[in-house]
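Here's coords-v8.csv, which has CSV, C-alpha atoms:
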```
chain,number,residue,atom,x,y,z
A,1,MET,CA,-41.3,-49.4,-18.6
A,2,THR,CA,-42.5,-50.3,-15.1
A,3,ALA,CA,-42.9,-54.0,-14.5
A,4,VAL,CA,-46.1,-55.2,-12.9
A,5,ALA,CA,-45.9,-57.4,-9.8
A,6,LEU,CA,-48.4,-60.2,-10.3
A,7,GLY,CA,-48.9,-60.7,-6.6
A,8,MET,CA,-48.3,-64.4,-6.5
A,9,PRO,CA,-46.3,-65.8,-3.5
A,10,GLU,CA,-42.9,-66.9,-4.7
A,11,ILE,CA,-42.0,-70.5,-3.6
A,12,PRO,CA,-38.4,-70.9,-4.5
A,13,VAL,CA,-37.4,-74.2,-6.1
A,14,ARG,CA,-34.1,-75.5,-4.8
A,15,ARG,CA,-32.4,-76.5,-8.0
A,16,ARG,CA,-30.2,-79.6,-8.3
A,17,LYS,CA,-26.6,-78.7,-8.5
A,18,SER,CA,-25.3,-79.5,-12.0
A,19,ARG,CA,-22.4,-78.6,-14.2
A,20,GLN,CA,-22.9,-75.8,-16.7
A,21,VAL,CA,-22.4,-76.1,-20.4
A,22,GLN,CA,-22.5,-73.2,-22.9
A,23,VAL,CA,-24.8,-73.8,-25.8
A,24,GLY,CA,-23.8,-70.9,-28.0
A,25,SER,CA,-25.0,-67.8,-26.1
A,26,VAL,CA,-27.2,-69.8,-23.7
A,27,PRO,CA,-25.8,-71.3,-20.5
A,28,VAL,CA,-27.4,-74.6,-19.5
A,29,GLY,CA,-27.1,-76.0,-16.0
A,30,GLY,CA,-25.5,-74.5,-12.9
A,31,ASP,CA,-27.4,-71.5,-11.8
A,32,ALA,CA,-28.6,-70.6,-15.3
A,33,PRO,CA,-32.4,-70.3,-15.8
A,34,VAL,CA,-34.2,-73.3,-17.3
A,35,SER,CA,-34.3,-72.7,-21.0
A,36,VAL,CA,-37.0,-73.6,-23.6
A,37,GLN,CA,-36.1,-75.6,-26.7
A,38,SER,CA,-38.0,-76.8,-29.8
A,39,MET,CA,-37.2,-78.5,-33.0
A,40,THR,CA,-37.9,-77.4,-36.6
A,41,THR,CA,-40.2,-79.4,-38.7
A,42,THR,CA,-38.9,-78.2,-42.0
A,43,VAL,CA,-36.4,-80.1,-44.3
A,44,THR,CA,-33.2,-78.7,-43.0
A,45,ALA,CA,-31.7,-78.5,-46.5
A,46,ASP,CA,-34.4,-75.9,-47.3
A,47,VAL,CA,-32.5,-73.1,-45.7
A,48,ASN,CA,-35.0,-70.3,-46.2
A,49,ALA,CA,-37.9,-72.4,-44.8
A,50,THR,CA,-35.8,-73.5,-41.8
A,51,LEU,CA,-34.6,-70.0,-41.0
A,52,GLN,CA,-38.2,-68.7,-41.3
A,53,GLN,CA,-39.4,-71.3,-38.8
A,54,ILE,CA,-36.5,-70.5,-36.5
A,55,ALA,CA,-37.5,-66.9,-36.6
A,56,GLU,CA,-41.1,-67.8,-35.6
A,57,LEU,CA,-39.8,-69.9,-32.8
A,58,THR,CA,-37.5,-67.1,-31.6
A,59,ALA,CA,-40.4,-64.7,-31.6
A,60,ALA,CA,-42.5,-67.1,-29.5
A,61,GLY,CA,-39.7,-67.3,-26.8
A,62,CYS,CA,-37.6,-70.3,-27.9
A,63,GLU,CA,-34.1,-70.0,-26.7
A,64,ILE,CA,-32.4,-73.0,-28.4
A,65,VAL,CA,-33.5,-74.8,-31.6
A,66,ARG,CA,-32.7,-78.2,-32.9
A,67,VAL,CA,-32.6,-79.2,-36.6
A,68,ALA,CA,-32.6,-82.7,-38.0
A,69,VAL,CA,-29.6,-83.8,-40.1
A,70,PRO,CA,-30.6,-87.1,-41.8
A,71,SER,CA,-28.8,-86.4,-45.1
A,72,SER,CA,-25.8,-84.9,-46.7
A,73,ASP,CA,-27.9,-82.1,-48.1
A,74,ASP,CA,-29.0,-81.2,-44.6
A,75,ALA,CA,-25.4,-81.3,-43.3
A,76,GLU,CA,-24.4,-78.9,-46.1
A,77,ALA,CA,-27.1,-76.4,-45.1
A,78,LEU,CA,-25.9,-76.2,-41.5
A,79,PRO,CA,-23.2,-73.5,-41.9
A,80,GLU,CA,-25.7,-70.9,-43.3
A,81,ILE,CA,-28.4,-71.8,-40.8
A,82,ALA,CA,-26.0,-71.7,-37.8
A,83,LYS,CA,-24.7,-68.3,-39.0
A,84,LYS,CA,-28.0,-66.7,-39.6
A,85,SER,CA,-30.1,-68.0,-36.7
A,86,ALA,CA,-30.7,-65.6,-33.9
A,87,ILE,CA,-30.6,-68.4,-31.4
A,88,PRO,CA,-28.2,-71.3,-30.9
A,89,VAL,CA,-28.7,-74.2,-33.3
A,90,ILE,CA,-28.2,-77.8,-32.2
A,91,ALA,CA,-27.7,-80.5,-34.9
A,92,ASP,CA,-29.7,-83.7,-34.3
A,93,ILE,CA,-27.7,-86.7,-35.5
A,94,HIS,CA,-28.8,-90.2,-36.0
A,95,PHE,CA,-27.2,-93.1,-37.9
A,96,GLN,CA,-24.2,-91.3,-39.4
A,97,PRO,CA,-21.4,-90.2,-37.2
A,98,ARG,CA,-19.8,-88.3,-40.0
A,99,TYR,CA,-22.6,-85.7,-39.7
A,100,VAL,CA,-21.4,-85.0,-36.1
A,101,PHE,CA,-18.1,-83.7,-37.5
A,102,ALA,CA,-20.0,-81.8,-40.2
A,103,ALA,CA,-22.1,-80.1,-37.6
A,104,ILE,CA,-19.1,-79.2,-35.5
A,105,ASP,CA,-17.3,-77.7,-38.5
A,106,ALA,CA,-20.5,-75.9,-39.5
A,107,GLY,CA,-20.4,-73.9,-36.3
A,108,CYS,CA,-23.5,-75.4,-34.6
A,109,ALA,CA,-23.8,-74.5,-30.9
A,110,ALA,CA,-24.1,-78.2,-29.9
A,111,VAL,CA,-24.7,-81.6,-31.2
A,112,ARG,CA,-27.3,-84.2,-30.1
A,113,VAL,CA,-26.4,-87.8,-30.6
A,114,ASN,CA,-28.5,-90.9,-30.1
A,115,PRO,CA,-26.2,-93.7,-29.1
A,116,GLY,CA,-28.8,-96.4,-29.9
A,117,ASN,CA,-29.1,-95.2,-33.5
A,118,ILE,CA,-25.6,-94.2,-34.6
A,119,ARG,CA,-23.7,-97.1,-36.2
A,120,LYS,CA,-20.3,-97.8,-34.6
A,121,PHE,CA,-20.8,-94.9,-32.3
A,122,ASP,CA,-18.6,-96.3,-29.6
A,123,ASP,CA,-15.7,-96.6,-32.0
A,124,LYS,CA,-16.0,-92.9,-32.9
A,125,VAL,CA,-16.1,-91.4,-29.5
A,126,ALA,CA,-12.4,-90.5,-29.3
A,127,GLU,CA,-12.6,-88.6,-32.6
A,128,ILE,CA,-15.8,-86.9,-31.7
A,129,ALA,CA,-14.5,-85.9,-28.2
A,130,ARG,CA,-11.4,-84.4,-29.8
A,131,ALA,CA,-13.3,-82.4,-32.4
A,132,ALA,CA,-15.9,-81.2,-30.0
A,133,GLY,CA,-13.4,-80.3,-27.4
A,134,ASP,CA,-11.3,-78.3,-29.8
A,135,ALA,CA,-14.3,-76.4,-31.0
A,136,ARG,CA,-15.8,-76.1,-27.5
A,137,VAL,CA,-19.1,-77.7,-28.7
A,138,PRO,CA,-21.1,-79.5,-26.1
A,139,ILE,CA,-22.7,-82.9,-26.8
A,140,ARG,CA,-26.1,-84.0,-25.7
A,141,ILE,CA,-26.4,-87.8,-25.1
A,142,GLY,CA,-30.0,-88.2,-26.1
A,143,VAL,CA,-31.3,-91.6,-25.1
A,144,ASN,CA,-34.9,-92.5,-26.2
A,145,ALA,CA,-37.0,-95.5,-25.2
A,146,GLY,CA,-37.9,-96.2,-28.8
A,147,SER,CA,-34.3,-96.5,-29.9
A,148,LEU,CA,-32.5,-98.0,-26.9
A,149,ASP,CA,-29.4,-99.9,-27.6
A,150,LYS,CA,-30.3,-103.6,-28.3
A,151,ARG,CA,-27.7,-104.8,-25.7
A,152,LEU,CA,-29.6,-103.0,-23.0
A,153,LEU,CA,-33.0,-104.1,-24.2
A,154,GLU,CA,-31.8,-107.7,-24.0
A,155,LYS,CA,-30.4,-107.1,-20.5
A,156,HIS,CA,-33.5,-105.2,-19.0
A,157,GLY,CA,-36.2,-106.7,-21.1
A,158,LYS,CA,-37.6,-103.3,-22.0
A,159,ALA,CA,-36.9,-99.6,-21.8
A,160,THR,CA,-37.0,-99.3,-18.0
A,161,PRO,CA,-35.7,-96.3,-16.1
A,162,GLU,CA,-32.6,-98.3,-15.2
A,163,ALA,CA,-32.0,-99.2,-18.8
A,164,LEU,CA,-32.3,-95.6,-20.0
A,165,VAL,CA,-29.9,-94.3,-17.3
A,166,GLU,CA,-27.4,-97.1,-17.9
A,167,SER,CA,-27.3,-96.3,-21.6
A,168,ALA,CA,-26.7,-92.6,-20.9
A,169,LEU,CA,-24.1,-93.0,-18.3
A,170,TRP,CA,-22.2,-95.7,-20.3
A,171,GLU,CA,-21.9,-93.3,-23.2
A,172,CYS,CA,-20.8,-90.5,-20.9
A,173,SER,CA,-18.1,-92.7,-19.5
A,174,LEU,CA,-16.7,-93.2,-23.0
A,175,PHE,CA,-16.4,-89.5,-23.4
A,176,GLU,CA,-14.9,-89.1,-20.0
A,177,GLU,CA,-12.2,-91.6,-20.9
A,178,HIS,CA,-11.0,-89.0,-23.4
A,179,GLY,CA,-11.3,-86.1,-21.0
A,180,PHE,CA,-14.5,-84.7,-22.5
A,181,THR,CA,-17.1,-83.7,-20.0
A,182,ASP,CA,-18.9,-80.9,-21.8
A,183,LEU,CA,-22.1,-83.1,-21.9
A,184,LYS,CA,-25.8,-82.9,-21.1
A,185,ILE,CA,-28.1,-85.8,-21.0
A,186,SER,CA,-31.7,-86.7,-21.8
A,187,VAL,CA,-33.5,-90.0,-21.0
A,188,LYS,CA,-36.9,-89.7,-22.7
A,189,HIS,CA,-39.8,-92.0,-22.5
A,190,HIS,CA,-43.4,-91.7,-23.8
A,191,ASP,CA,-44.8,-92.6,-20.3
A,192,PRO,CA,-44.5,-89.7,-17.9
A,193,LEU,CA,-44.1,-92.0,-14.9
A,194,VAL,CA,-41.2,-94.0,-16.4
A,195,MET,CA,-39.7,-90.7,-17.6
A,196,ILE,CA,-39.9,-89.2,-14.1
A,197,ASP,CA,-38.3,-92.2,-12.5
A,198,ALA,CA,-35.5,-92.2,-15.1
A,199,TYR,CA,-34.6,-88.6,-14.5
A,200,ARG,CA,-34.8,-89.0,-10.7
A,201,LEU,CA,-32.4,-91.9,-10.9
A,202,LEU,CA,-30.1,-90.0,-13.3
A,203,ALA,CA,-30.1,-86.9,-11.1
A,204,ARG,CA,-28.8,-89.0,-8.2
A,205,ARG,CA,-26.0,-90.6,-10.3
A,206,CYS,CA,-24.4,-87.7,-12.1
A,207,GLU,CA,-23.9,-83.9,-12.1
A,208,TYR,CA,-24.4,-83.3,-15.8
A,209,PRO,CA,-27.1,-80.9,-16.8
A,210,LEU,CA,-30.4,-82.6,-17.8
A,211,HIS,CA,-32.6,-81.9,-20.8
A,212,LEU,CA,-36.2,-82.9,-19.9
A,213,GLY,CA,-38.6,-84.4,-22.4
A,214,VAL,CA,-41.5,-86.8,-22.7
A,215,THR,CA,-40.8,-88.2,-26.1
A,216,GLU,CA,-43.7,-88.8,-28.6
A,217,ALA,CA,-46.0,-87.1,-26.0
A,218,GLY,CA,-48.9,-87.1,-28.5
A,219,PRO,CA,-51.3,-84.5,-30.0
A,220,ARG,CA,-51.5,-81.0,-28.6
A,221,PHE,CA,-53.9,-81.7,-25.7
A,222,GLN,CA,-52.6,-85.1,-24.6
A,223,GLY,CA,-49.0,-84.0,-25.1
A,224,THR,CA,-49.5,-80.8,-23.1
A,225,VAL,CA,-51.0,-82.7,-20.2
A,226,LYS,CA,-48.3,-85.4,-20.2
A,227,SER,CA,-45.4,-82.9,-20.5
A,228,SER,CA,-46.9,-80.6,-17.9
A,229,VAL,CA,-47.3,-83.4,-15.4
A,230,ALA,CA,-43.8,-84.8,-15.9
A,231,PHE,CA,-42.0,-81.5,-16.0
A,232,GLY,CA,-44.0,-80.1,-13.1
A,233,VAL,CA,-43.0,-82.9,-10.9
A,234,LEU,CA,-39.3,-82.9,-11.8
A,235,LEU,CA,-38.8,-79.1,-12.0
A,236,ALA,CA,-40.6,-78.7,-8.6
A,237,GLU,CA,-37.9,-81.1,-7.3
A,238,GLY,CA,-35.2,-79.0,-8.8
A,239,ILE,CA,-34.4,-81.5,-11.6
A,240,GLY,CA,-34.0,-80.2,-15.1
A,241,ASP,CA,-32.0,-77.5,-16.8
A,242,THR,CA,-33.6,-77.2,-20.2
A,243,ILE,CA,-36.9,-78.5,-21.6
A,244,ARG,CA,-38.5,-79.5,-24.9
A,245,VAL,CA,-42.2,-80.2,-25.1
A,246,SER,CA,-42.8,-82.7,-27.9
A,247,LEU,CA,-46.1,-82.2,-29.5
A,248,SER,CA,-47.8,-83.4,-32.7
A,249,ALA,CA,-48.4,-79.8,-33.4
A,250,PRO,CA,-46.6,-76.8,-34.8
A,251,PRO,CA,-43.4,-76.2,-32.9
A,252,VAL,CA,-44.4,-72.7,-31.9
A,253,GLU,CA,-47.1,-74.5,-29.7
A,254,GLU,CA,-44.3,-76.4,-28.0
A,255,VAL,CA,-42.6,-73.2,-27.0
A,256,LYS,CA,-45.8,-71.6,-25.7
A,257,VAL,CA,-46.5,-74.7,-23.5
A,258,GLY,CA,-42.9,-74.9,-22.3
A,259,ALA,CA,-42.8,-71.2,-21.4
A,260,GLN,CA,-46.1,-71.5,-19.6
A,261,ILE,CA,-44.9,-74.5,-17.5
A,262,LEU,CA,-41.9,-72.5,-16.4
A,263,GLU,CA,-44.0,-69.4,-15.6
A,264,SER,CA,-46.5,-71.5,-13.6
A,265,LEU,CA,-43.7,-72.9,-11.5
A,266,GLY,CA,-42.1,-69.4,-11.0
A,267,LEU,CA,-39.0,-70.4,-12.9
A,268,ARG,CA,-39.6,-67.7,-15.5
A,269,PRO,CA,-41.0,-64.2,-15.2
A,270,ARG,CA,-44.7,-64.3,-15.8
A,271,ARG,CA,-46.1,-62.5,-18.8
A,272,LEU,CA,-49.8,-62.4,-19.6
A,273,GLU,CA,-52.0,-64.4,-17.2
A,274,ILE,CA,-55.7,-64.7,-17.8
A,275,VAL,CA,-57.7,-65.7,-14.7
A,276,SER,CA,-61.1,-66.8,-16.0
A,277,CYS,CA,-63.9,-68.7,-14.4
A,278,PRO,CA,-65.0,-72.1,-15.8
A,279,SER,CA,-68.6,-70.7,-16.1
A,280,CYS,CA,-71.7,-72.2,-14.5
A,281,GLY,CA,-75.4,-71.6,-14.3
A,282,ARG,CA,-74.9,-68.2,-12.7
A,283,ALA,CA,-72.9,-66.8,-15.6
A,284,GLN,CA,-74.7,-64.1,-17.6
A,285,VAL,CA,-72.0,-63.8,-20.3
A,286,ASP,CA,-70.3,-66.3,-22.6
A,287,VAL,CA,-67.2,-66.6,-20.5
A,288,TYR,CA,-65.4,-68.9,-22.9
A,289,ARG,CA,-65.6,-66.5,-25.8
A,290,LEU,CA,-64.9,-63.5,-23.7
A,291,ALA,CA,-61.7,-65.1,-22.2
A,292,GLU,CA,-60.6,-66.0,-25.7
A,293,ARG,CA,-61.2,-62.5,-27.0
A,294,VAL,CA,-59.3,-60.9,-24.1
A,295,THR,CA,-56.4,-63.4,-24.5
A,296,ALA,CA,-56.2,-62.5,-28.2
A,297,ALA,CA,-56.4,-58.7,-27.5
A,298,PHE,CA,-53.5,-58.8,-25.0
A,299,GLU,CA,-51.2,-61.3,-26.8
A,300,GLY,CA,-47.8,-59.8,-27.0
A,301,PHE,CA,-48.5,-57.0,-24.4
A,302,PRO,CA,-45.1,-55.8,-23.4
A,303,VAL,CA,-45.8,-55.7,-19.6
A,304,PRO,CA,-46.7,-58.8,-17.6
A,305,LEU,CA,-50.3,-58.5,-16.5
A,306,ARG,CA,-52.9,-60.6,-14.7
A,307,VAL,CA,-56.3,-60.1,-16.2
A,308,ALA,CA,-59.4,-61.5,-14.5
A,309,VAL,CA,-62.3,-62.4,-16.7
A,310,MET,CA,-65.3,-63.4,-14.5
A,311,GLY,CA,-68.9,-64.3,-15.5
A,312,CYS,CA,-70.8,-63.3,-12.3
A,313,VAL,CA,-70.5,-61.4,-9.0
A,314,VAL,CA,-69.8,-64.4,-6.8
A,315,ASN,CA,-66.0,-64.6,-7.4
A,316,GLY,CA,-65.6,-61.7,-9.8
A,317,PRO,CA,-64.9,-58.9,-7.3
A,318,GLY,CA,-62.5,-61.1,-5.2
A,319,GLU,CA,-60.5,-62.3,-8.2
A,320,ALA,CA,-60.4,-58.7,-9.6
A,321,ARG,CA,-58.8,-57.5,-6.4
A,322,GLU,CA,-55.9,-60.0,-7.0
A,323,ALA,CA,-55.5,-58.9,-10.6
A,324,ASP,CA,-54.0,-55.9,-12.3
A,325,LEU,CA,-57.1,-55.6,-14.5
A,326,GLY,CA,-60.4,-57.4,-14.3
A,327,VAL,CA,-64.0,-57.6,-15.4
A,328,SER,CA,-67.1,-58.9,-13.6
A,329,SER,CA,-69.9,-59.4,-16.1
A,330,GLY,CA,-73.6,-59.6,-15.9
A,331,ASN,CA,-76.9,-58.2,-17.1
A,332,GLY,CA,-75.3,-57.1,-20.4
A,333,LYS,CA,-72.7,-55.0,-18.6
A,334,GLY,CA,-69.1,-55.3,-17.3
A,335,GLN,CA,-67.6,-53.8,-14.3
A,336,ILE,CA,-64.0,-52.9,-15.1
A,337,PHE,CA,-61.5,-53.2,-12.2
A,338,VAL,CA,-58.0,-51.8,-12.0
A,339,LYS,CA,-56.1,-53.0,-9.0
A,340,GLY,CA,-59.3,-54.2,-7.3
A,341,GLU,CA,-61.1,-50.9,-7.7
A,342,VAL,CA,-64.1,-50.4,-10.0
A,343,VAL,CA,-63.2,-47.7,-12.5
A,344,ARG,CA,-65.9,-48.1,-15.2
A,345,THR,CA,-69.1,-49.9,-16.1
A,346,VAL,CA,-69.5,-50.5,-19.8
A,347,PRO,CA,-71.8,-52.4,-22.1
A,348,GLU,CA,-70.8,-56.0,-22.7
A,349,SER,CA,-69.8,-55.2,-26.3
A,350,GLN,CA,-67.1,-52.8,-25.1
A,351,ILE,CA,-65.5,-54.9,-22.4
A,352,VAL,CA,-62.4,-56.1,-24.4
A,353,GLU,CA,-61.6,-52.7,-25.9
A,354,THR,CA,-62.1,-51.0,-22.5
A,355,LEU,CA,-59.7,-53.5,-20.8
A,356,LEU,CA,-57.1,-52.9,-23.4
A,357,GLU,CA,-57.6,-49.1,-23.3
A,358,GLU,CA,-57.1,-49.1,-19.5
A,359,ALA,CA,-54.0,-51.3,-19.8
A,360,LEU,CA,-52.4,-49.0,-22.4
A,361,ARG,CA,-53.3,-45.9,-20.4
A,362,ARG,CA,-51.8,-47.2,-17.2
A,363,TRP,CA,-48.9,-49.2,-18.5
A,364,PRO,CA,-48.0,-47.5,-21.8
A,365,PRO,CA,-45.3,-49.1,-24.0
A,366,GLU,CA,-42.1,-47.2,-23.9
```

Would you kindly transcribe this structure into structure tokens?
Amino acid sequence: MTAVALGMPEIPVRRRKSRQVQVGSVPVGGDAPVSVQSMTTTVTADVNATLQQIAELTAAGCEIVRVAVPSSDDAEALPEIAKKSAIPVIADIHFQPRYVFAAIDAGCAAVRVNPGNIRKFDDKVAEIARAAGDARVPIRIGVNAGSLDKRLLEKHGKATPEALVESALWECSLFEEHGFTDLKISVKHHDPLVMIDAYRLLARRCEYPLHLGVTEAGPRFQGTVKSSVAFGVLLAEGIGDTIRVSLSAPPVEEVKVGAQILESLGLRPRRLEIVSCPSCGRAQVDVYRLAERVTAAFEGFPVPLRVAVMGCVVNGPGEAREADLGVSSGNGKGQIFVKGEVVRTVPESQIVETLLEEALRRWPPE
């Protein structure tokens, strides 16, 4: 199948130099591509439901998945989930250090620990480092503003960027004392500006790979905006090796947003891109509905395409020239463009099917 060049100028991002860790089959850090993660919302002990959601996330483009392990039943489910998942599984551990060992024994690709939430964590670092090192399982030090160690809250007064970074690097130093450096770090905050400052500071002070996240980002719209702003700033500066968009929405939506952020920054090959006008008084077609119908029709198209959906003749022809396919609508008709040339004029009711027909004819699936 011939790939379609989307015609956008490539502005290379100079990535921060970081160490690389291997999360199952996915390298994180170094010169590896920025990967997209999400987290299941099922009860992990429900193996079938969890594996079903992991399959849905995988189909959406998720490359690494995290599962919560708050109970012994969840820990007991890990071996089957880790074995049957098509993508690497990370166990998310809070409160009970014994579940860290269970996750390592279960064959999880990595373990996330929250130092502020694990009782007597510092006392267990030597044992965890030994077990993880023997199994070659990386550890993510996941610091969250909402669960920062009380000692650091007292010192800094609140979850400042400095407090978040101090927590992460302190815990890393404990592992380093035992010769374990297969680490990656996150310092998440719900405020994008605090989060950005924290990661900038962290990036200057260590070479560990960084997992980006705006924690508790909010509902779909608000969380998408906050994550896009924070990730866009940091990734454009070369900071960040793997990302998780945290939304109060189905996790598949997190993956879609994360992938789109990377595509928009040129950090991942572009797939379908709909270029559609915002509509105005000149529009002679319902652009909103037409754009949605075109998006739905082309979802999952196996070749990356840029499709222009325009509501009038002012910008329509110009945008169509920059697109692989396009339509300029008006007076109940649509001019269909292919590579900037008008190939057909069809009734408005036939626009979507004609665009798809032209795409399949010119870029047939293998």

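Remark: for Arg289 (chain A), the closest of the candidate residues A:Pro192, A:Pro115, A:Gly311, A:Pro251 is A:Gly311 (distances computed over only C-alpha atoms).
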
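Distances here use only C-alpha atoms; by that measure, the residue among A:Leu152, A:Val245, A:Cys277, A:Ala109 closest to Gly218 (chain A) is A:Val245.
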
### Summary
re CA of Gly266 (chain A) and CA of Gln37 (chain A): distance 17.9 Å

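Nearest to Arg293 (chain A) of all the residues A:Asp191, A:Asp122, A:Asp105, A:Glu353 is A:Glu353, based on only C-alpha atoms.
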
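Residues surrounding Glu348 (chain A) within 8 Å are Ser329, Gly332, Lys333 and Gly334 of chain A [all atoms listed in the file; sequence separation below 6 positions excluded].
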
### Query
How far is it from CA of Glu273 (chain A) to CA of Pro304 (chain A), in Å with one decimal?
7.7 Å

### Query
Using only C-alpha atoms, which residues sit within 12 Å of region 39-54 of chain A once same-chain residues fewer than 5 positions away are excluded, as a PyMOL selection string?
chain A and resi 59-92+112+243-255

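Residues lying within 9 Å of Ile139 (chain A), counting all atoms listed in the file and ignoring same-chain neighbours fewer than 5 positions away, are Ala110, Val111, Arg112, Val113, Ala129, Ala132, Thr181, Asp182, Leu183, Lys184 and Ile185 of chain A.
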
In the coordinates of the file, take the point (-50.4, -77.9, -27.3) and a cut-off of 6 Å; then, counting all atoms listed in the file, name each qualifying protein, DNA or RNA residue as a PDB file with C-alpha atoms, keeping the file's coordinate frame.
```pdb
ATOM      1  CA  ARG A 220     -51.500 -81.000 -28.600  1.00  0.00           C
ATOM      2  CA  PHE A 221     -53.900 -81.700 -25.700  1.00  0.00           C
ATOM      3  CA  THR A 224     -49.500 -80.800 -23.100  1.00  0.00           C
ATOM      4  CA  GLU A 253     -47.100 -74.500 -29.700  1.00  0.00           C
TER       5      GLU A 253
END
```

### Task
Report the distance between CA of Ile351 (chain A) and CA of Ala259 (chain A) in Å, rounded to one decimal place.
28.0 Å

#### Entry: Close residues, Phe337 (chain A) itself excluded, 7 Å, all atoms listed in the file, min 6 positions apart in chain, as number ranges by chain
A: 320, 325-327, 343

With a distance cut-off of 12 Å and all atoms listed in the file, select the neighbouring residues of Ala297 (chain A), excluding the residue or stretch itself and same-chain residues fewer than 6 positions from it, and output the selection as an mmCIF file with C-alpha atoms, in the frame of the given file.
```cif
data_model
loop_
_atom_site.group_PDB
_atom_site.id
_atom_site.type_symbol
_atom_site.label_atom_id
_atom_site.label_comp_id
_atom_site.auth_asym_id
_atom_site.auth_seq_id
_atom_site.Cartn_x
_atom_site.Cartn_y
_atom_site.Cartn_z
ATOM 1 C CA LEU A 272 -49.800 -62.400 -19.600
ATOM 2 C CA ILE A 274 -55.700 -64.700 -17.800
ATOM 3 C CA LEU A 290 -64.900 -63.500 -23.700
ATOM 4 C CA ALA A 291 -61.700 -65.100 -22.200
ATOM 5 C CA VAL A 307 -56.300 -60.100 -16.200
ATOM 6 C CA ILE A 351 -65.500 -54.900 -22.400
ATOM 7 C CA VAL A 352 -62.400 -56.100 -24.400
ATOM 8 C CA GLU A 353 -61.600 -52.700 -25.900
ATOM 9 C CA THR A 354 -62.100 -51.000 -22.500
ATOM 10 C CA LEU A 355 -59.700 -53.500 -20.800
ATOM 11 C CA LEU A 356 -57.100 -52.900 -23.400
ATOM 12 C CA GLU A 357 -57.600 -49.100 -23.300
ATOM 13 C CA ALA A 359 -54.000 -51.300 -19.800
ATOM 14 C CA LEU A 360 -52.400 -49.000 -22.400
#
```

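Nearest-residue note for Thr215 (chain A): choosing from A:Gly258, A:Gly179, A:Gly146, A:Gly240, the minimum distance belongs to A:Gly146, counting all atoms listed in the file.
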
## Note on the structure
Min atom-atom distance to Lys188 (chain A) from the set A:Gly340, A:Gly30, A:Gly142, A:Gly223, counting all atoms listed in the file, belongs to A:Gly142

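Counting all atoms listed in the file and comparing A:Ala308, A:Val257, A:Val187, A:Leu210, the residue that lies closest to Gly238 (chain A) is A:Leu210.
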
### Message
Counting all atoms listed in the file, which residues have an atom no more than 7 Å from (-37.8, -84.7, -13.5) in the file's coordinates? Please list them as number ranges by chain.
### Response
A: 196, 199-200, 212, 230-231, 233-235, 239-240
